[in-house]
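Structure file data_26.cif with mmCIF, C-alpha atoms:
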data_entry
loop_
_atom_site.label_atom_id
_atom_site.label_comp_id
_atom_site.auth_asym_id
_atom_site.auth_seq_id
_atom_site.Cartn_x
_atom_site.Cartn_y
_atom_site.Cartn_z
CA MET A 27 100.38 98.36 85.77
CA GLN A 28 102.06 95.11 84.77
CA ILE A 29 105.19 94.41 86.79
CA ALA A 30 107.89 91.82 86.04
CA VAL A 31 109.84 90.57 89.05
CA LEU A 32 112.88 88.96 87.42
CA THR A 33 113.70 85.84 89.36
CA PHE A 34 116.51 83.43 88.48
CA ASP A 35 117.52 80.01 89.68
CA GLY A 36 119.06 80.32 93.17
CA PHE A 37 116.88 83.36 93.93
CA ASN A 38 116.52 85.08 97.31
CA GLU A 39 112.94 84.47 98.46
CA ILE A 40 112.56 87.75 100.39
CA ASP A 41 113.86 89.82 97.47
CA SER A 42 111.35 88.51 94.93
CA PHE A 43 108.31 87.79 97.07
CA VAL A 44 108.17 90.85 99.34
CA ALA A 45 108.11 93.30 96.42
CA ALA A 46 105.74 91.15 94.35
CA HIS A 47 103.35 90.66 97.28
CA ILE A 48 103.22 94.36 98.21
CA LEU A 49 102.62 95.42 94.58
CA ASN A 50 99.92 92.78 94.22
CA ARG A 51 98.04 94.47 97.08
CA LEU A 52 97.05 96.94 94.33
CA ARG A 53 95.35 94.22 92.26
CA PRO A 54 91.97 95.86 92.98
CA GLN A 55 93.42 98.94 91.21
CA GLY A 56 94.44 96.83 88.20
CA TRP A 57 98.07 96.25 89.17
CA ARG A 58 99.71 92.82 88.80
CA ALA A 59 103.23 91.68 89.63
CA PHE A 60 104.50 88.39 88.19
CA ILE A 61 107.45 86.11 89.00
CA THR A 62 109.28 86.31 85.68
CA SER A 63 112.10 83.96 84.72
CA PRO A 64 114.10 82.44 81.87
CA ASP A 65 113.25 79.02 83.31
CA ALA A 66 109.75 77.56 83.73
CA VAL A 67 110.69 76.12 87.11
CA ILE A 68 113.27 77.65 89.43
CA THR A 69 114.78 76.64 92.76
CA SER A 70 115.36 79.29 95.43
CA ALA A 71 118.52 79.88 97.43
CA ASN A 72 116.98 77.70 100.13
CA GLU A 73 115.83 75.05 97.67
CA VAL A 74 112.16 75.88 97.35
CA VAL A 75 110.86 74.93 93.89
CA VAL A 76 108.71 77.64 92.29
CA HIS A 77 107.02 77.91 88.89
CA ALA A 78 107.63 81.10 86.94
CA GLU A 79 104.49 83.01 85.98
CA ARG A 80 105.93 84.80 82.95
CA PRO A 81 108.90 84.16 80.62
CA LEU A 82 111.89 86.51 80.61
CA GLU A 83 110.63 88.26 77.48
CA PHE A 84 107.68 89.64 79.51
CA ALA A 85 110.14 92.17 80.98
CA ALA A 86 110.12 94.06 77.66
CA GLU A 87 106.34 94.51 77.81
CA ALA A 88 105.99 95.32 81.51
CA ASP A 89 105.40 98.83 82.86
CA ALA A 90 107.86 98.21 85.68
CA VAL A 91 110.64 95.68 86.16
CA ILE A 92 112.35 94.59 89.38
CA ILE A 93 115.53 92.54 89.04
CA GLY A 94 115.71 90.21 92.01
CA SER A 95 118.76 88.78 93.67
CA GLY A 96 120.20 85.33 94.14
CA LEU A 97 123.16 83.03 94.44
CA LYS A 98 123.90 82.92 90.71
CA THR A 99 123.83 86.61 89.74
CA SER A 100 127.57 86.77 89.03
CA GLU A 101 127.21 83.83 86.59
CA ILE A 102 124.20 85.46 84.92
CA ALA A 103 126.16 88.71 84.62
CA GLU A 104 128.67 86.84 82.39
CA ASN A 105 125.99 85.14 80.27
CA ARG A 106 125.69 87.46 77.25
CA GLU A 107 122.97 85.38 75.61
CA LEU A 108 120.77 85.64 78.69
CA LEU A 109 121.49 89.35 79.23
CA GLU A 110 120.48 90.07 75.63
CA ARG A 111 117.07 88.57 76.33
CA ILE A 112 116.45 91.19 79.07
CA ARG A 113 115.18 94.12 77.01
CA LEU A 114 114.54 97.16 79.18
CA ASP A 115 113.69 100.73 78.27
CA PRO A 116 114.24 103.31 81.03
CA THR A 117 112.50 106.00 78.97
CA ARG A 118 109.24 104.06 79.23
CA GLN A 119 109.62 101.65 82.18
CA LEU A 120 110.33 101.98 85.88
CA ILE A 121 113.33 99.71 86.50
CA GLY A 122 114.67 98.68 89.90
CA SER A 123 117.16 96.18 91.24
CA GLN A 124 117.26 94.40 94.57
CA CYS A 125 120.65 93.46 96.11
CA SER A 126 122.74 91.57 93.53
CA GLY A 127 120.29 92.58 90.80
CA ALA A 128 122.35 95.81 90.65
CA LEU A 129 125.12 93.81 88.96
CA LEU A 130 122.76 92.97 86.09
CA LEU A 131 121.63 96.61 85.81
CA ALA A 132 125.33 97.57 85.60
CA LYS A 133 125.99 94.98 82.88
CA LEU A 134 122.94 96.22 80.97
CA GLY A 135 124.45 99.73 81.00
CA LEU A 136 121.68 101.19 83.13
CA LEU A 137 123.84 102.47 85.99
CA GLU A 138 126.29 104.58 84.00
CA GLY A 139 127.27 107.78 85.76
CA ARG A 140 125.26 107.07 88.89
CA PRO A 141 125.80 105.34 92.23
CA ALA A 142 123.92 102.22 93.28
CA CYS A 143 122.74 100.32 96.35
CA THR A 144 123.37 96.61 96.73
CA ASP A 145 123.98 94.02 99.42
CA LEU A 146 127.26 93.66 101.34
CA ARG A 147 128.29 90.51 99.44
CA THR A 148 127.68 91.86 95.93
CA LYS A 149 129.31 95.23 96.61
CA LYS A 150 132.77 94.25 95.34
CA TRP A 151 131.39 92.97 92.00
CA VAL A 152 129.34 96.10 91.42
CA VAL A 153 132.38 98.28 92.23
CA GLU A 154 134.52 96.17 89.83
CA SER A 155 131.94 96.79 87.12
CA GLY A 156 132.69 100.51 87.49
CA VAL A 157 129.70 101.61 89.62
CA ALA A 158 130.06 103.41 92.96
CA VAL A 159 128.17 101.68 95.79
CA ILE A 160 126.55 103.77 98.50
CA ASP A 161 125.84 102.57 102.02
CA GLN A 162 122.10 103.19 102.09
CA PRO A 163 119.01 101.09 101.42
CA PHE A 164 117.65 102.89 98.34
CA TYR A 165 118.70 105.24 95.58
CA ALA A 166 116.98 106.31 92.35
CA GLU A 167 117.68 108.66 89.50
CA GLY A 168 114.93 109.14 86.96
CA ASN A 169 113.35 105.81 86.15
CA VAL A 170 116.12 103.58 87.52
CA ALA A 171 116.35 102.58 91.20
CA THR A 172 118.53 100.24 93.26
CA ALA A 173 117.92 98.80 96.72
CA GLY A 174 120.21 96.92 99.11
CA GLY A 175 119.40 94.51 101.94
CA CYS A 176 116.55 91.99 101.48
CA LEU A 177 113.90 93.90 103.42
CA ALA A 178 114.66 97.06 101.41
CA SER A 179 112.45 95.35 98.82
CA GLN A 180 109.56 97.14 100.61
CA TYR A 181 111.17 100.44 99.55
CA LEU A 182 111.47 99.36 95.92
CA ALA A 183 107.76 98.48 95.94
CA THR A 184 106.97 101.82 97.61
CA TRP A 185 108.94 103.68 94.91
CA ILE A 186 106.95 102.00 92.14
CA MET A 187 103.66 102.73 93.93
CA LEU A 188 104.59 106.41 94.44
CA ARG A 189 105.82 106.80 90.86
CA ALA A 190 103.03 104.96 89.05
CA GLY A 191 100.21 105.11 91.58
CA SER A 192 99.71 107.65 94.34
CA ARG A 193 100.59 108.29 97.95
CA GLU A 194 97.17 106.93 98.87
CA HIS A 195 97.82 103.69 96.98
CA ALA A 196 101.19 103.27 98.62
CA LYS A 197 99.85 103.93 102.11
CA ALA A 198 96.89 101.57 101.66
CA ALA A 199 99.11 98.72 100.44
CA LEU A 200 101.73 99.24 103.15
CA GLN A 201 99.04 99.43 105.84
CA LEU A 202 98.09 95.82 105.00
CA VAL A 203 101.60 94.34 105.05
CA THR A 204 103.39 96.13 107.90
CA PRO A 205 103.43 94.93 111.53
CA VAL A 206 100.18 95.61 113.41
CA GLY A 207 100.49 98.65 115.68
CA GLN A 208 103.64 99.83 113.86
CA GLN A 209 102.07 100.65 110.50
CA ALA A 210 102.43 104.44 110.81
CA ASP A 211 106.17 104.14 111.58
CA TYR A 212 106.81 101.72 108.74
CA ILE A 213 104.83 103.78 106.23
CA ALA A 214 106.54 107.04 107.22
CA ARG A 215 109.96 105.40 106.96
CA ALA A 216 109.27 103.79 103.57
CA ILE A 217 107.97 107.03 102.10
CA GLY A 218 110.79 108.99 103.75
CA VAL A 219 113.43 106.69 102.19
CA VAL A 220 111.96 106.97 98.70
CA GLU A 221 110.68 110.56 98.59
CA PRO A 222 114.05 112.33 98.03
CA TYR A 223 114.35 110.39 94.76
CA LEU A 224 110.98 111.23 93.26
CA PRO A 225 110.95 113.65 90.31
CA PRO A 226 110.33 117.26 91.34
CA THR A 227 106.68 118.19 91.22
CA THR A 228 105.18 121.63 91.02
CA ILE A 229 106.12 123.46 94.20
CA ALA A 230 103.63 125.94 95.51
CA PRO A 231 105.19 129.39 95.61
CA ALA A 232 106.29 130.64 99.01
CA ALA A 233 103.64 132.78 100.66
CA MET B 46 117.03 73.13 114.70
CA GLN B 47 114.46 71.82 112.25
CA ILE B 48 111.66 74.30 111.60
CA ALA B 49 108.34 73.64 109.86
CA VAL B 50 106.73 76.66 108.19
CA LEU B 51 103.15 75.47 107.71
CA THR B 52 101.96 76.74 104.37
CA PHE B 53 98.56 76.03 102.88
CA ASP B 54 96.97 76.59 99.50
CA GLY B 55 96.22 80.31 99.07
CA PHE B 56 99.17 81.23 101.33
CA ASN B 57 100.56 84.71 101.89
CA GLU B 58 104.03 84.79 100.32
CA ILE B 59 105.54 87.29 102.79
CA ASP B 60 104.28 85.35 105.81
CA SER B 61 105.88 82.04 104.85
CA PHE B 62 109.00 83.14 102.99
CA VAL B 63 110.29 85.98 105.20
CA ALA B 64 110.40 83.80 108.33
CA ALA B 65 111.76 80.76 106.45
CA HIS B 66 114.46 82.82 104.72
CA ILE B 67 115.65 84.53 107.92
CA LEU B 68 115.80 81.24 109.84
CA ASN B 69 117.67 79.62 106.95
CA ARG B 70 120.39 82.24 107.39
CA LEU B 71 121.43 80.00 110.30
CA ARG B 72 122.00 76.98 108.03
CA PRO B 73 125.75 77.23 108.73
CA GLN B 74 124.80 76.66 112.40
CA GLY B 75 122.77 73.58 111.47
CA TRP B 76 119.34 75.23 111.31
CA ARG B 77 116.88 74.48 108.50
CA ALA B 78 113.39 75.84 107.84
CA PHE B 79 111.11 74.01 105.41
CA ILE B 80 107.91 74.96 103.58
CA THR B 81 105.60 72.32 105.06
CA SER B 82 102.17 71.56 103.64
CA PRO B 83 99.38 68.98 103.40
CA ASP B 84 99.63 69.32 99.60
CA ALA B 85 102.67 68.51 97.48
CA VAL B 86 102.04 71.58 95.32
CA ILE B 87 100.39 74.76 96.57
CA THR B 88 99.33 78.01 94.95
CA SER B 89 99.91 81.28 96.77
CA ALA B 90 97.41 84.09 97.34
CA ASN B 91 98.85 85.73 94.23
CA GLU B 92 98.83 82.50 92.23
CA VAL B 93 102.50 81.52 92.44
CA VAL B 94 102.85 77.71 92.30
CA VAL B 95 105.26 76.33 94.90
CA HIS B 96 106.31 72.80 95.82
CA ALA B 97 106.15 71.86 99.49
CA GLU B 98 109.43 70.66 100.98
CA ARG B 99 107.94 68.60 103.78
CA PRO B 100 104.52 66.95 104.42
CA LEU B 101 102.24 68.24 107.18
CA GLU B 102 103.30 65.40 109.47
CA PHE B 103 106.80 66.92 109.65
CA ALA B 104 105.35 69.50 112.07
CA ALA B 105 105.22 66.82 114.78
CA GLU B 106 108.96 66.16 114.47
CA ALA B 107 110.17 69.75 114.11
CA ASP B 108 111.82 71.70 116.92
CA ALA B 109 109.85 74.82 115.97
CA VAL B 110 106.67 75.34 113.98
CA ILE B 111 105.38 78.51 112.34
CA ILE B 112 101.79 78.48 111.10
CA GLY B 113 101.60 80.76 108.09
CA SER B 114 98.66 82.73 106.84
CA GLY B 115 96.53 82.70 103.72
CA LEU B 116 93.20 83.15 102.01
CA LYS B 117 91.78 79.80 103.12
CA THR B 118 92.57 79.74 106.85
CA SER B 119 88.93 80.02 107.89
CA GLU B 120 88.11 76.93 105.76
CA ILE B 121 91.05 75.03 107.22
CA ALA B 122 89.91 76.00 110.71
CA GLU B 123 86.68 74.07 110.06
CA ASN B 124 88.42 71.01 108.58
CA ARG B 125 88.71 68.68 111.58
CA GLU B 126 90.49 65.97 109.60
CA LEU B 127 93.23 68.39 108.54
CA LEU B 128 93.54 69.94 112.02
CA GLU B 129 94.00 66.49 113.53
CA ARG B 130 97.03 65.96 111.30
CA ILE B 131 98.75 69.01 112.86
CA ARG B 132 100.30 67.47 115.97
CA LEU B 133 102.03 70.09 118.08
CA ASP B 134 103.55 69.86 121.55
CA PRO B 135 104.17 73.20 123.29
CA THR B 136 106.11 71.49 126.08
CA ARG B 137 108.80 70.48 123.59
CA GLN B 138 108.37 72.77 120.55
CA LEU B 139 108.45 76.51 119.91
CA ILE B 140 105.17 77.29 118.16
CA GLY B 141 104.27 80.55 116.47
CA SER B 142 101.52 81.82 114.19
CA GLN B 143 101.62 84.55 111.59
CA CYS B 144 98.46 86.59 110.89
CA SER B 145 95.52 84.22 110.23
CA GLY B 146 97.60 81.31 111.51
CA ALA B 147 96.39 82.43 114.96
CA LEU B 148 92.96 81.04 114.09
CA LEU B 149 94.47 77.57 113.68
CA LEU B 150 96.38 77.90 116.97
CA ALA B 151 93.06 78.83 118.61
CA LYS B 152 91.29 75.81 117.08
CA LEU B 153 94.15 73.58 118.23
CA GLY B 154 93.57 74.82 121.81
CA LEU B 155 96.96 76.50 122.07
CA LEU B 156 95.74 80.02 122.83
CA GLU B 157 93.56 79.23 125.85
CA GLY B 158 93.72 81.91 128.53
CA ARG B 159 96.05 84.17 126.60
CA PRO B 160 95.71 87.04 124.11
CA ALA B 161 96.95 86.82 120.52
CA CYS B 162 98.17 88.96 117.66
CA THR B 163 96.74 88.59 114.18
CA ASP B 164 96.02 90.65 111.08
CA LEU B 165 93.17 93.16 110.80
CA ARG B 166 91.08 90.88 108.57
CA THR B 167 91.34 87.75 110.73
CA LYS B 168 90.72 89.59 114.01
CA LYS B 169 86.96 88.99 114.08
CA TRP B 170 87.35 85.22 113.60
CA VAL B 171 89.95 84.93 116.32
CA VAL B 172 87.73 86.95 118.68
CA GLU B 173 84.74 84.71 117.78
CA SER B 174 86.85 81.68 118.68
CA GLY B 175 87.11 83.10 122.21
CA VAL B 176 90.60 84.63 122.08
CA ALA B 177 91.32 88.31 122.89
CA VAL B 178 93.22 90.07 120.10
CA ILE B 179 95.76 92.74 120.99
CA ASP B 180 96.80 95.58 118.71
CA GLN B 181 100.52 94.89 118.58
CA PRO B 182 102.84 93.00 116.23
CA PHE B 183 104.00 90.24 118.56
CA TYR B 184 103.07 88.42 121.75
CA ALA B 185 104.38 85.25 123.36
CA GLU B 186 103.75 83.28 126.51
CA GLY B 187 106.03 80.36 127.20
CA ASN B 188 106.57 78.41 123.99
CA VAL B 189 103.64 79.84 122.03
CA ALA B 190 103.86 83.11 120.07
CA THR B 191 101.59 85.01 117.68
CA ALA B 192 102.46 87.79 115.23
CA GLY B 193 100.26 90.15 113.21
CA GLY B 194 100.97 92.02 109.96
CA CYS B 195 102.98 90.30 107.20
CA LEU B 196 106.33 91.95 107.96
CA ALA B 197 106.00 90.99 111.65
CA SER B 198 107.22 87.61 110.37
CA GLN B 199 110.73 89.00 111.00
CA TYR B 200 109.80 89.19 114.71
CA LEU B 201 108.60 85.58 114.78
CA ALA B 202 111.92 84.49 113.25
CA THR B 203 113.78 86.66 115.79
CA TRP B 204 111.87 85.05 118.67
CA ILE B 205 112.84 81.56 117.50
CA MET B 206 116.48 82.63 117.09
CA LEU B 207 116.57 84.21 120.56
CA ARG B 208 114.84 81.24 122.18
CA ALA B 209 116.72 78.42 120.47
CA GLY B 210 119.90 80.16 119.37
CA SER B 211 121.51 83.22 120.88
CA ARG B 212 121.49 86.98 120.61
CA GLU B 213 124.60 86.71 118.42
CA HIS B 214 122.84 84.29 116.04
CA ALA B 215 119.83 86.57 115.80
CA LYS B 216 121.91 89.68 115.17
CA ALA B 217 124.06 87.98 112.55
CA ALA B 218 121.04 86.68 110.61
CA LEU B 219 119.15 90.00 110.82
CA GLN B 220 122.27 91.92 109.72
CA LEU B 221 122.13 90.04 106.41
CA VAL B 222 118.45 90.58 105.64
CA THR B 223 117.72 94.13 106.85
CA PRO B 224 118.06 97.26 104.68
CA VAL B 225 121.65 98.41 104.17
CA GLY B 226 122.51 101.34 106.45
CA GLN B 227 119.46 100.66 108.65
CA GLN B 228 120.55 97.32 110.10
CA ALA B 229 121.17 98.61 113.63
CA ASP B 230 117.68 100.17 113.82
CA TYR B 231 115.96 97.07 112.48
CA ILE B 232 117.89 94.72 114.76
CA ALA B 233 117.23 96.86 117.87
CA ARG B 234 113.54 97.05 117.02
CA ALA B 235 113.17 93.32 116.35
CA ILE B 236 114.93 92.38 119.58
CA GLY B 237 113.01 95.10 121.46
CA VAL B 238 109.67 93.72 120.25
CA VAL B 239 110.47 90.14 121.25
CA GLU B 240 112.54 90.58 124.40
CA PRO B 241 109.68 91.30 126.85
CA TYR B 242 108.32 87.83 126.03
CA LEU B 243 111.46 85.80 126.62
CA PRO B 244 111.55 83.62 129.74
CA PRO B 245 113.26 85.31 132.69
CA THR B 246 116.96 84.53 132.86
CA THR B 247 119.28 84.88 135.82
CA ILE B 248 119.48 88.54 136.70
CA ALA B 249 122.80 89.77 137.99
CA PRO B 250 122.40 91.15 141.55
CA ALA B 251 122.41 94.92 141.84
CA ALA B 252 125.85 96.29 142.66
#
structure tokens encoding of this file:
Amino acid sequence: MQIAVLTFDGFNEIDSFVAAHILNRLRPQGWRAFITSPDAVITSANEVVVHAERPLEFAAEADAVIIGSGLKTSEIAENRELLERIRLDPTRQLIGSQCSGALLLAKLGLLEGRPACTDLRTKKWVVESGVAVIDQPFYAEGNVATAGGCLASQYLATWIMLRAGSREHAKAALQLVTPVGQQADYIARAIGVVEPYLPPTTIAPAA
Amino acid sequence: MQIAVLTFDGFNEIDSFVAAHILNRLRPQGWRAFITSPDAVITSANEVVVHAERPLEFAAEADAVIIGSGLKTSEIAENRELLERIRLDPTRQLIGSQCSGALLLAKLGLLEGRPACTDLRTKKWVVESGVAVIDQPFYAEGNVATAGGCLASQYLATWIMLRAGSREHAKAALQLVTPVGQQADYIARAIGVVEPYLPPTTIAPAA
């Protein structure tokens, strides 16, 4: 599993790093999440300078793509040249957005006919783009998910682990990153938030 | 409020960035948290290259200091020259550690006679250094706190906001970073985890 965490200048540190870190807990299983950006060097919302690990074009090759959030998403959403460089395929990739990343998913035509989650500040832009916003932390339909509120990034990571890994993978990774003594609560909540949006599996017949 | 988030080569991205980001939500109130490091450029546990915002010596001037976690903490704990550059004063500063950062607090003599929280992997080193480890996400005594499990970094940030700001500051910042639709639960839990360790305030007499 190669995962692109799309991260633009002005990015929200929690949104990109929480998901990337959790997914990288599965490196022993061959997973790898990369900070992926159109710029070689980017500056976060709080002015931390970070080097991108992969160029924007890596998103087309990745097995899963998370679109992070940041201060400049509304500008990026109007930059056709940049949007055209983000080549995503929801028939083959798992694609998720965090907070204002939903605006880019909307502009890329990936939210048509479905509601989305986003942060409180981005909500009006997503609604203006023609997408209904729901007041919950996570929503997914098929291979496209949206999450709202920085720390909901743990749910986006959980969704990717449950879709492309297993419940055991997800639990093992979450066990290592959740608060000591509260792991069981955090894991149950993360799986509980994501589970209603997993594809139906074979249901054992009623006895 | 100037806050130093001590961040060393091999650092855990969640541990440094979640606390720094939450505390920076109070920038409109004059707060500022900085990635603070002995090296100008550091590489995270998952190989993300980040530029430090402040040198290690900034810790001595800061109003609050968080010692982050990482892959190399046990090496740093044996590096006397480096430890001597970390000048902390618990009579004047709020000081907290995240995960393996507890080992550095122990080496700096700041955990004497008190238990500490840390992550599952660091536990044995902290115990070997003579400090009892407790199986909970957060503990504080006076001006020194410890947290265990990456996402417990939200509790460390909450403690600093409650100690040096106000309940309103803490709630406002947490409202912006917690999952949409779950903010009230997250805020109540974060305050509930930290509150038993706040200094006693004037209690209104019983009616």
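Near region 176-192 of chain A, within a cut-off of 7 Å and counting only C-alpha atoms, sit the residues A:Ile40, A:Asp41, A:Val44, A:Ala45, A:Ile48, A:Leu49, A:Gly122, A:Gln124, A:Cys125, A:Pro163, A:Ala196, A:Ala216, A:Ile217, A:Val220, B:Val222, B:Thr223, B:Pro224, with same-chain residues fewer than 4 positions away left out.
Summary of the local environment: counting only C-alpha atoms, residues at most 12 Å from His77 (chain A), other than itself and those fewer than 4 positions away along its chain, are A:Thr33, A:Phe34, A:Asp35, A:Phe60, A:Ile61, A:Thr62, A:Ser63, A:Pro64, A:Asp65, A:Ala66, A:Val67, A:Ile68, A:Thr69, A:Ser70, A:Pro81, B:Val86, B:Ile87, B:Thr88, B:Ser89, B:Glu92, B:Val93, B:Val94, B:Val95, B:His96.
At a cut-off of 12 Å from (113.0, 103.8, 82.1), the residue set is Ala86, Ala88, Asp89, Ala90, Val91, Ile92, Arg113, Leu114, Asp115, Pro116, Thr117, Arg118, Gln119, Leu120, Ile121, Gly122, Leu131, Leu136, Leu137, Ala166, Glu167, Gly168, Asn169, Val170, Ala171, Ile186 and Arg189 of chain A (counting all atoms listed in the file).
Using all atoms listed in the file, the shortest contact distance between Leu116 (chain B) and any of B:Ser61, B:Gln74, B:Gln227, B:Thr167 is found at B:Thr167.
Nearest to Ser114 (chain B) of all the residues B:Leu219, B:Val225, B:Leu148, B:Ile48 is B:Leu148, based on all atoms listed in the file.
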Exercise for the section: Would you please work out which residue, of B:Arg125, B:Lys169, B:Arg70, B:Arg212, is nearest to chain A when using all atoms listed in the file? Expected result: B:Arg70
Fill in the blank from the handout: From the list A:Glu79, A:Ile93, A:Ala85, A:Pro225, the nearest residue to chain B using only C-alpha atoms is A:Glu79
Practice task
Find the spatial neighbours of Ile160 (chain A), counting only C-alpha atoms, within a cut-off of 9 Å - ignore same-chain residues fewer than 6 positions away - and output them as a PyMOL selection string.
Solution key: chain A and resi 141-144
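Reported to one decimal place, the separation of CA of Leu134 (chain A) from CA of Asn105 (chain A) is 11.5 Å.
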Practice task
Name the closest residue to Glu106 (chain B) among the candidates B:Ser142, B:Gln47, B:Gln181, B:Thr246; distances are taken between atoms, counting only C-alpha atoms.
Solution key: B:Gln47
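Interatomic distance, CA of Trp57 (chain A) against CA of Met27 (chain A): 4.6 Å.
Atom pair CA of Ala173 (chain A) / CA of Gly127 (chain A): separated by 8.9 Å.
Across A:Ser126, A:Ser100, A:Asn72, A:Asn50, the tightest approach to Leu32 (chain A) is made by A:Ser126 when counting only C-alpha atoms.
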